[in-house]
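Here's the structure we're looking at; comments come further down.
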Amino acid sequence: MDIASLLGTILGFAMLIFGILSSGASIMDYYDLPSVIITIGGSIAGVLASNKLKDFIIGLKSISLAFKEKVIDPGAVISNIIDLSNVARKEGLLALEEASNDIEDPFLKKGIMLVVDGTDPELVRGILETELTCLEERHKKVISFWEKWAELGPAWGMIGTLIGLVNMLNNMEDASSIGPSMAVALITTLYGSIIANWLCNPVATKMKVNNDLEVIIKEVMVEGLLSIQAGENPRVIEEKLKSFLSPAVRNDLGPDGGEE
Amino acid sequence: MDIASLLGTILGFAMLIFGILSSGASIMDYYDLPSVIITIGGSIAGVLASNKLKDFIIGLKSISLAFKEKVIDPGAVISNIIDLSNVARKEGLLALEEASNDIEDPFLKKGIMLVVDGTDPELVRGILETELTCLEERHKKVISFWEKWAELGPAWGMIGTLIGLVNMLNNMEDASSIGPSMAVALITTLYGSIIANWLCNPVATKMKVNNDLEVIIKEVMVEGLLSIQAGENPRVIEEKLKSFLSPAVRNDLGPDGGEE
Amino acid sequence: MDIASLLGTILGFAMLIFGILSSGASIMDYYDLPSVIITIGGSIAGVLASNKLKDFIIGLKSISLAFKEKVIDPGAVISNIIDLSNVARKEGLLALEEASNDIEDPFLKKGIMLVVDGTDPELVRGILETELTCLEERHKKVISFWEKWAELGPAWGMIGTLIGLVNMLNNMEDASSIGPSMAVALITTLYGSIIANWLCNPVATKMKVNNDLEVIIKEVMVEGLLSIQAGENPRVIEEKLKSFLSPAVRNDLGPDGGEE
Amino acid sequence: MDIASLLGTILGFAMLIFGILSSGASIMDYYDLPSVIITIGGSIAGVLASNKLKDFIIGLKSISLAFKEKVIDPGAVISNIIDLSNVARKEGLLALEEASNDIEDPFLKKGIMLVVDGTDPELVRGILETELTCLEERHKKVISFWEKWAELGPAWGMIGTLIGLVNMLNNMEDASSIGPSMAVALITTLYGSIIANWLCNPVATKMKVNNDLEVIIKEVMVEGLLSIQAGENPRVIEEKLKSFLSPAVRNDLGPDGGEE
Amino acid sequence: MDIASLLGTILGFAMLIFGILSSGASIMDYYDLPSVIITIGGSIAGVLASNKLKDFIIGLKSISLAFKEKVIDPGAVISNIIDLSNVARKEGLLALEEASNDIEDPFLKKGIMLVVDGTDPELVRGILETELTCLEERHKKVISFWEKWAELGPAWGMIGTLIGLVNMLNNMEDASSIGPSMAVALITTLYGSIIANWLCNPVATKMKVNNDLEVIIKEVMVEGLLSIQAGENPRVIEEKLKSFLSPAVRNDLGPDGGEE
C-alpha cells in the first residue's frame, strides 16, 4: 500500500474537518445530501457520457491503483538483466528460456521468449515498443477518467450554486433566509472544489508518476534485451542500463553488479 | 447505441431536475425563453461564424455519432487479418481478392486491393497513412465543433448575464424587483454552464475516445497488410498485432488464434 | 462571400439586440461612447504594440479574408494534376509548360516551372515545402492578430470596469447613483466579452480552418508534382491523391477520373 | 525606433487617462503609492526570485529592444547572398573573404569565414545551427522575463486587494469609509491588470515577433551559405531563398536579382 | 548562495509586510493559525498524495537548490574540454585518464572514462544522452513538486474561504460579526495566493532555469567528448563549442582559448 497517497488523502480530509471545526461550525452544516447528489451525480454522469461504458468501469475501479504501491525496484530489474546477459553469454541464448522461469514480469518474459525464438531484433524492438505504447495509451485512458472528473466536479458545483442562487434571488422576501439559502447554494461549489483538489487531481497525478516509472523500467528492459540479443558484453550492458538510474540508486547497485 | 453516453446524458439531465426540485423551486423558475435564445443562439452563431457552412452542418449532425455505438472489436479485426495472412501464404496474394469479399471495412478492403494489385509496399503504406491522417483531420473538425460550442456557450452566458445586470442596475428604484431581475440575469450563465458541461464537453470527449480507437484499429490493419504483403509468417504477424491489445483482450483471442 | 461567417456574425449581433430588447431595456442603455473608446482603443493599442506596424495593418485588413469565400475545390485540383500527369506521360515533361498556361494557382504554376526546368526532385520538394512553411507562418501572424485582440479585449474591458468601480466606490454618498454608475462600469466588461466572443474568436477560428484547407491542397499539389516528375502512372497518382479526400468528395470525382 | 510599439504603448496610456477623466474622476483618485509599491514591488521581487541575477538585469534592460526597430530587410539579405554566390562562382570560395568585408551581420560573417576556411559542410551547418538554437534560447530567457511579470503582476494585484479587503472587513463600523477603503483595495488589482495588459504582454509578444523574424533571416543565411559552399548555381540559390519570402517582398526583389 | 532568489524572496515578504502596514492594519490581523493549517496543510497533503513518499521528501528538501548558487561557468567547461583535446591529440586518448584526475564533474569524468576504455562512439553518445535524459526527468519531478503546490495552494485557499463563507452565511444574525467573519474567510485565499505567487511559482521557475543551464553545459560536454574521441582538431572543437555560448561570454574566452 502506498503510504504517501493514503496519508495525503487522509490528511487532506482531516484538514477539511479541522477547517470546519476551527471556524466554530458543526460538520452537519456542511452536509447537504441534495448537494452531494447534484455535484457528484452530475459530474460522474458527465464522466460516464465522456467514455465507453467499459472504460468508465475500469476508471472507477482504478482508484485502488493510486493507493496500491507497485514495488518496482529499478536496481533489481537491472541486476536481473545483467544476470540474464551472463547466462546468455556463457550458455547461449537458448539457456535464457530456463533462466526466465523465475521472472514474474510478463513484459520481460515475453521479450525473452521472442529472443529465444530467434526473432529478428528489429521485430523484437517493434513488438515490445508497440506493447509499451499501447500500455501507455491504456494508462492515459484511466488517468483521463480522473482528470475529466477533476474538471467536471467544479463545473457541476458551479451549476448547483447557480441553481441555488437563482432560487434564492426569487425568494428574497424573508431576509433572514437569504444567508442560509446562499450557504446551501455555495456548498455545491465547495463539494466540487473538494472532489477536484482533494481527490481527483492527486489521484491523476499519482497515476502519471506510476506510469512514468513503469515506462522507464520497461524501456530499460527493452534496451537490455536487445543488448543481450546482440551479444554485447555484460559490463557494457551494465554501464548502459545504469545510466537510466539516479546516482543514488546506482551506488546501491555497487560497482560489482556485473561480470562475476 | 452507446449505453454510456446516453445514460450519462440522461442521468446528467435528471441531476439538473433533481437539483432544482430539491431546492424547493419549480422547474418553470429556470425556464426563460429569451435567455435560451440568447445563450444558445449567440453561441451557435459564433460556432457558425467559425466554420465553413458545410462543416457546420456536418458538426450539427455529428451528435448522433456520440450516441451511436460503433462496434469495433479489435480482436475480430486481428483474427480477420491472420486469416487473410494464412490465405495469402497458402494460395498467394491474388487469392486475397476473393477472401476480401466478406470484409465490410472499406479501409481494409482498399488496402487489400492495393496489395492484390501488386502496388509497391512503400506506396501502400503512404496511401493508407495519408488516408488515416485525413480521417483524423476530418474527425478533429467535428470534435472542434463541439469544443468551440463548449467554449462559446459559457461566454455568451456571461454576455447575457452582463446585459441583464446592466439593465437591473439601471432600474433599482423598485427594491423588490432586484432579486428576480438578477435571477433572470444569472440564468444565461447557468444555461451556458449546462451547454458546456452537460452536453458539449462530454460529447467532444467521447468523440475523441472513438477516434483514438478507430485510429488504433486502422494502424493495426496497416501493419497487418504490410506484413501479409511482405510474406511474413502468420505466427509472427499474430505476435506483432497482439501487442496492440490489452492483455485482457489478448487472452480472449486465445493462444490458438493463428496458424491452424 | 462566405455565407457561414457572414450569417454567424449577423446572427450573433441580432442575438445581442434581442437580448437587450427582451430584457425590457433600450439599446441606448448599452451604448456608452467613452466605454467603447477605452475597451476598443486600449485593446487595439495593445495589439498595435505587440506587432510590427506593417503586420498590424495587414492584420486589420485581414478581416475581409474571414468573410471572403475562397472557392478551393480539392476535387478540381486533383483532376487538374491527373490531367497534367497524362500530358507529361504522353508528351513529356516539357509539354507541361504549355499545359500550365490555364492554371491560375501561382504555387502550382511555380512547381510546374521547376519541374519543366529539370530541377532536382529533392530541390523541388525543398523549395515548395519552404514556401508552404512560410505561407503558414504568414497566416499564423494574421491569425495571431485576432487572437491577441480576443485576449486583450476582455482584459481592457476589466481595466475599464475597475476604473469605473473605483470611481463609484469613491462617490457613494448619493445612493441612487450607485446602480447606474456600476452599470456603466460593467459595460466595458460587456464590450470586451463581445469583442472576443462575437468577433475575434470566430474570425481567428475561421482563418485557421481556411489555412488548414489551403495547406492540405498545397500538400496534394506537392505530392502530385513530384509523382509527375518521377514519371509515375496516372492511375497510381490518382489513387495517391484521392487518399487526401473524404470518401464523399472522392465519390464525386468518380472512378473514371483517371487514365482515359 | 519602432513606431508600432511606441505608438501602441502611448496610445494605451492615453486610453487609461481618458477612461479615468471620462468617468468624471480625477487622476489622483487612481494614484496610491503603497499600492504601486506592493504590486510592482511584489511582482518584480517574484521575477527576481525566478531568475539568475544576471538574467534579471538583462531582462530589465531588454525593454529597449521592444522599442528599438531592428531594420532587418530579408530582401537585402538575399540579394547579398546572391552577390556572394556570384563572387564565389567566378572567383572561387577564397574570394569570399574579401567580399565579406562589407558585411556587418556577425552571424553571416562567421559563416563565410567557416566556408573560406574549408570547413566540412556538415560542420558548418552544425556550428551555425547550434548558434541559432542558442540565440533563440537567449531570446526566450528575455521573453520569459516579461511573461513572468505579466503573470505575477495581476497575482500580486490580487494579493494587495485581499490585504485591503481583509482590513476593510475588520473595520466596518464607519459605513462611510467602506466605499473608499474598497476603492483603494481594488487599485492594486487595477495596477496588476495594467502591468500585464498594457506593458508586459505586448512587450513579450513583440519580442517573439522580432525573434521569429531574426531566426528566419538566419535560416536563410545558413541555407544560402551551404548552397554557396556546394557550388550551386546562383539562379537556383535565388529560387531557393526567395521561397522564404512573401510574394509581395519577392516582387520587390525583381526577376533580375540574380545572375547579371 | 544565489543572491537573486534570496533577495527576491525576502523582498517579496517585505512587500507583504509593507502592504499590511501601509493600509493601517496590524500584522496580527493577517495571522490566523487555523487558516495557516488548512491552507498549507491541505495543499501539502494534496502534494503528498500526488507523489511517492520518497519523491515528496526529495521535493521538500529541494528548496535549498533554488537558493544555492551552482557556479557553473560555461567558459571554464569549454576551456577544460579544449585542454583535454590538446592532451588527447599530443599524448593519445589514454593520457586523458591522468588528465581527468582534476575534473570534479562526475558526468564529464564518466564520459572521459568511457572514451579511455575505447567504448564505441555511438555507445558513448547513447550512454551519456540517456544519463542526461534521466537527469532531466529527475529535475522535472522536483520541479513538479513546486508546481503542484503552486496549483493546490490557491485551490485549498478557496476551499477554506468557502468553508468560512458557508459558516458566516449561516450566522448572520449578528450583523457586526459579518465583516470580521468574512475577513477570516478571505485569509485562506490570501494565504493560498501568497504560497503560489511568492514562494512556489518563483522557486519552480528558478529550478527550470538552473536545469536548462545544466543541460546545455552537459550537452557541450557530450559534443566535446565525441569530438575528442573522433580526433578532431582542437581549433575546430573550440569553434564548435563556442557556438553554444552567447557572444558576450565568448569574448571573455578570448581568441586564444585554443591550440597554444
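Just remember, in the C-alpha cells the first chain shown is A, the second B, etc., residues are 1-based per chain, and ligands are 1-based in the order shown.
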Which residues of range 35-121 of chain D sit at most 12 Å from range 152-166 of chain D, using only C-alpha atoms? Give each one's shortest atom pair and distance in Å (one decimal place), in chain and ascending residue order, as CSV.
```
residue,atom,partner,partner_atom,distance
D:Ser35,CA,D:Gly160,CA,7.2
D:Val36,CA,D:Gly157,CA,9.4
D:Ile37,CA,D:Gly160,CA,10.0
D:Ile38,CA,D:Gly160,CA,6.7
D:Thr39,CA,D:Gly157,CA,5.3
D:Ile40,CA,D:Gly153,CA,6.9
D:Gly41,CA,D:Trp156,CA,8.9
D:Gly42,CA,D:Trp156,CA,6.2
D:Ser43,CA,D:Leu152,CA,5.1
D:Ile44,CA,D:Leu152,CA,8.0
D:Ala45,CA,D:Leu152,CA,9.5
D:Gly46,CA,D:Leu152,CA,7.0
D:Val47,CA,D:Leu152,CA,7.6
D:Leu48,CA,D:Leu152,CA,11.1
D:Ala49,CA,D:Leu152,CA,11.6
D:Ser50,CA,D:Leu152,CA,10.8
```
Which parts of range 3-216 of chain B does DSSP call alpha helix (DSSP H) when run on the backbone here, written out as number ranges by chain? B: 3-22, 33-36, 42-49, 53-61, 63-67, 74-91, 95-99, 106-116, 121-170, 178-194, 201-216
Close residues, Ile216 in chain B itself excluded, 12 Å, only C-alpha atoms, min 4 positions apart in chain, as a list of chain:residue names: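 Here the answer would be A:Thr130, A:Thr133, A:Cys134, A:Glu137, A:Arg138, B:Ile72, B:Asp73, B:Pro74, B:Val77, B:Ile78, B:Glu129, B:Leu132, B:Thr133, B:Glu136, B:Val209, B:Asn210, B:Asn211, B:Asp212, B:Val220, B:Met221, B:Val222, B:Glu223, B:Leu241, B:Ser243, B:Phe244, B:Leu245.
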Prev. selection, C-alpha atoms, output as a compact mmCIF listing (two decimals), in the first residue's frame:
```txt
# COMPACT_ATOMS: atom_id res chain seq x y z
CA THR A 130 4.17 -1.25 -29.66
CA THR A 133 2.96 2.46 -26.42
CA CYS A 134 -0.35 0.65 -26.02
CA GLU A 137 -2.44 4.54 -24.02
CA ARG A 138 -4.38 2.37 -21.58
CA ILE B 72 -15.29 -2.20 -33.27
CA ASP B 73 -13.84 -5.41 -31.95
CA PRO B 74 -10.04 -5.25 -32.17
CA VAL B 77 -10.03 -7.43 -36.79
CA ILE B 78 -6.83 -9.22 -35.83
CA GLU B 129 -1.33 6.52 -43.84
CA LEU B 132 -5.63 7.72 -41.92
CA THR B 133 -4.21 11.21 -41.34
CA GLU B 136 -8.21 12.09 -38.24
CA VAL B 209 -12.20 8.34 -27.49
CA ASN B 210 -13.97 6.87 -30.53
CA ASN B 211 -11.46 8.50 -32.86
CA ASP B 212 -8.49 7.11 -30.93
CA VAL B 220 -3.30 -2.50 -36.82
CA MET B 221 -4.75 -3.02 -40.30
CA VAL B 222 -1.88 -1.16 -41.98
CA GLU B 223 0.72 -3.15 -40.04
CA LEU B 241 -0.65 -7.39 -33.91
CA SER B 243 0.98 -6.27 -28.98
CA PHE B 244 -1.61 -3.59 -29.85
CA LEU B 245 -4.11 -5.22 -27.50
```
I'd like the interatomic distance between CA of Tyr191 in chain D and CA of Leu199 in chain E, to a tenth of an Å.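 Going from CA of Tyr191 in chain D over to CA of Leu199 in chain E, I get 21.3 Å.
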Between B:Ile178, B:Val215, B:Ala248, B:Ile195, which one has atoms that come closest to chain C, using only C-alpha atoms?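 Of all the options, B:Ile178 lies closest to chain C.
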Near-Leu226 in chain C list (8 Å; only C-alpha atoms; drop same-chain fewer than 4 positions) as a PDB file with N, CA, C and O atoms, in the first residue's frame:
```pdb
ATOM      1  N   PRO C 121      14.581  16.735 -58.095  1.00  0.00           N
ATOM      2  CA  PRO C 121      13.361  16.489 -57.311  1.00  0.00           C
ATOM      3  C   PRO C 121      13.487  16.905 -55.846  1.00  0.00           C
ATOM      4  O   PRO C 121      12.571  17.520 -55.287  1.00  0.00           O
ATOM      5  N   VAL C 124      13.086  20.553 -55.734  1.00  0.00           N
ATOM      6  CA  VAL C 124      11.692  20.954 -55.962  1.00  0.00           C
ATOM      7  C   VAL C 124      10.911  20.827 -54.665  1.00  0.00           C
ATOM      8  O   VAL C 124      10.225  21.745 -54.219  1.00  0.00           O
ATOM      9  N   ARG C 125      11.053  19.660 -54.025  1.00  0.00           N
ATOM     10  CA  ARG C 125      10.345  19.459 -52.753  1.00  0.00           C
ATOM     11  C   ARG C 125      10.776  20.497 -51.727  1.00  0.00           C
ATOM     12  O   ARG C 125       9.945  21.116 -51.057  1.00  0.00           O
ATOM     13  N   VAL C 222       2.077  19.341 -54.060  1.00  0.00           N
ATOM     14  CA  VAL C 222       3.478  18.937 -53.984  1.00  0.00           C
ATOM     15  C   VAL C 222       3.622  17.448 -54.282  1.00  0.00           C
ATOM     16  O   VAL C 222       4.441  17.032 -55.112  1.00  0.00           O
ATOM     17  N   ALA C 230       8.460  12.088 -61.239  1.00  0.00           N
ATOM     18  CA  ALA C 230       9.031  10.750 -61.149  1.00  0.00           C
ATOM     19  C   ALA C 230       8.476   9.831 -62.228  1.00  0.00           C
ATOM     20  O   ALA C 230       8.830   8.657 -62.289  1.00  0.00           O
TER      21      ALA C 230
END
```
Based on only C-alpha atoms, which of the residues in chain B come within 7 Å of chain A? I want them as number ranges by chain. B: 3-9, 11-12, 15, 19-20, 22-23, 25, 179-180, 182-183, 186, 190, 193, 197-198, 202-203, 205-206, 209, 240, 243-244
Keeping N, CA and C atoms, export the residues of the selection given above as a compact mmCIF listing (two decimals), in the first residue's frame.
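The file below, part-v2.txt, is the result:
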```
# COMPACT_ATOMS: atom_id res chain seq x y z
N ILE B 3 -24.61 2.88 -24.67
CA ILE B 3 -25.25 3.00 -23.36
C ILE B 3 -24.61 4.12 -22.53
N ALA B 4 -23.29 4.19 -22.51
CA ALA B 4 -22.61 5.11 -21.60
C ALA B 4 -23.01 6.56 -21.88
N SER B 5 -22.91 6.98 -23.15
CA SER B 5 -23.20 8.38 -23.45
C SER B 5 -24.66 8.70 -23.22
N LEU B 6 -25.53 7.77 -23.64
CA LEU B 6 -26.96 8.01 -23.48
C LEU B 6 -27.30 8.09 -22.00
N LEU B 7 -26.79 7.11 -21.25
CA LEU B 7 -27.06 7.03 -19.82
C LEU B 7 -26.52 8.28 -19.13
N GLY B 8 -25.28 8.64 -19.44
CA GLY B 8 -24.65 9.80 -18.81
C GLY B 8 -25.44 11.07 -19.09
N THR B 9 -25.90 11.21 -20.32
CA THR B 9 -26.61 12.43 -20.69
C THR B 9 -27.95 12.51 -19.99
N LEU B 11 -28.79 10.88 -17.22
CA LEU B 11 -28.52 11.00 -15.79
C LEU B 11 -28.16 12.44 -15.43
N GLY B 12 -27.34 13.08 -16.26
CA GLY B 12 -26.96 14.47 -16.02
C GLY B 12 -28.19 15.37 -16.01
N MET B 15 -30.10 14.98 -12.92
CA MET B 15 -29.45 15.69 -11.81
C MET B 15 -29.87 17.15 -11.78
N GLY B 19 -31.78 18.75 -8.82
CA GLY B 19 -31.19 19.90 -8.15
C GLY B 19 -32.21 21.01 -7.96
N ILE B 20 -32.98 21.26 -9.02
CA ILE B 20 -33.98 22.33 -8.95
C ILE B 20 -35.07 21.98 -7.95
N SER B 22 -35.08 19.76 -5.54
CA SER B 22 -34.66 19.58 -4.15
C SER B 22 -34.41 20.91 -3.45
N SER B 23 -34.19 21.98 -4.23
CA SER B 23 -34.02 23.29 -3.59
C SER B 23 -35.38 23.96 -3.41
N ALA B 25 -37.59 24.78 -5.58
CA ALA B 25 -38.03 25.69 -6.63
C ALA B 25 -38.86 24.92 -7.65
N GLY B 179 -34.06 41.22 -6.83
CA GLY B 179 -33.79 39.79 -6.74
C GLY B 179 -34.18 39.05 -8.01
N PRO B 180 -35.47 39.11 -8.39
CA PRO B 180 -35.89 38.39 -9.59
C PRO B 180 -35.13 38.84 -10.85
N MET B 182 -32.07 39.88 -11.04
CA MET B 182 -30.75 39.28 -11.02
C MET B 182 -30.85 37.77 -11.26
N ALA B 183 -31.92 37.16 -10.76
CA ALA B 183 -32.12 35.73 -11.00
C ALA B 183 -32.16 35.47 -12.51
N LEU B 186 -28.81 35.77 -14.09
CA LEU B 186 -27.91 34.62 -13.85
C LEU B 186 -28.27 33.41 -14.70
N LEU B 190 -26.13 30.11 -16.17
CA LEU B 190 -26.49 28.72 -15.88
C LEU B 190 -26.63 27.93 -17.18
N SER B 193 -23.26 27.20 -18.71
CA SER B 193 -22.55 26.13 -18.00
C SER B 193 -23.11 24.77 -18.36
N ASN B 197 -20.97 21.80 -19.92
CA ASN B 197 -20.56 20.70 -19.06
C ASN B 197 -21.48 19.50 -19.09
N TRP B 198 -22.72 19.74 -19.51
CA TRP B 198 -23.63 18.59 -19.60
C TRP B 198 -23.57 17.99 -21.01
N PRO B 202 -18.76 16.47 -22.73
CA PRO B 202 -18.77 15.01 -22.83
C PRO B 202 -18.85 14.50 -24.27
N VAL B 203 -19.65 15.17 -25.10
CA VAL B 203 -19.76 14.71 -26.49
C VAL B 203 -18.39 14.80 -27.18
N THR B 205 -15.44 14.78 -25.81
CA THR B 205 -14.52 13.79 -25.24
C THR B 205 -14.81 12.40 -25.78
N LYS B 206 -16.09 12.07 -25.82
CA LYS B 206 -16.48 10.75 -26.32
C LYS B 206 -16.01 10.56 -27.77
N VAL B 209 -12.42 9.73 -27.87
CA VAL B 209 -12.20 8.34 -27.49
C VAL B 209 -12.48 7.44 -28.69
N LYS B 240 2.86 -9.78 -33.57
CA LYS B 240 3.01 -8.34 -33.81
C LYS B 240 1.70 -7.60 -33.51
N SER B 243 0.37 -7.25 -29.88
CA SER B 243 0.98 -6.27 -28.98
C SER B 243 0.21 -4.95 -28.96
N PHE B 244 -0.75 -4.79 -29.90
CA PHE B 244 -1.61 -3.59 -29.85
C PHE B 244 -2.74 -3.74 -28.83
```
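Of the listed residues (A:Ala99, A:Ile57, A:Val142, A:Ile82), A:Ile82 comes nearest to Pro234 in chain A; the distances count only C-alpha atoms.
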Interatomic distance, CA of Arg235 in chain E to CA of His139 in chain D (Å, one decimal):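 It comes out at 27.8 Å.
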When you draw a straight line from CA of Glu232 in chain D to CA of Ile228 in chain C, how long is it in Å?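 Value for the CA of Glu232 in chain D-CA of Ile228 in chain C distance: 24.5 Å.
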Selected residue of minimal separation from Ile217 in chain D among D:Ile187, D:Ile81, D:Val115, D:Cys200, counting only C-alpha atoms: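 Closest to Ile217 in chain D, using only C-alpha atoms: D:Ile81.
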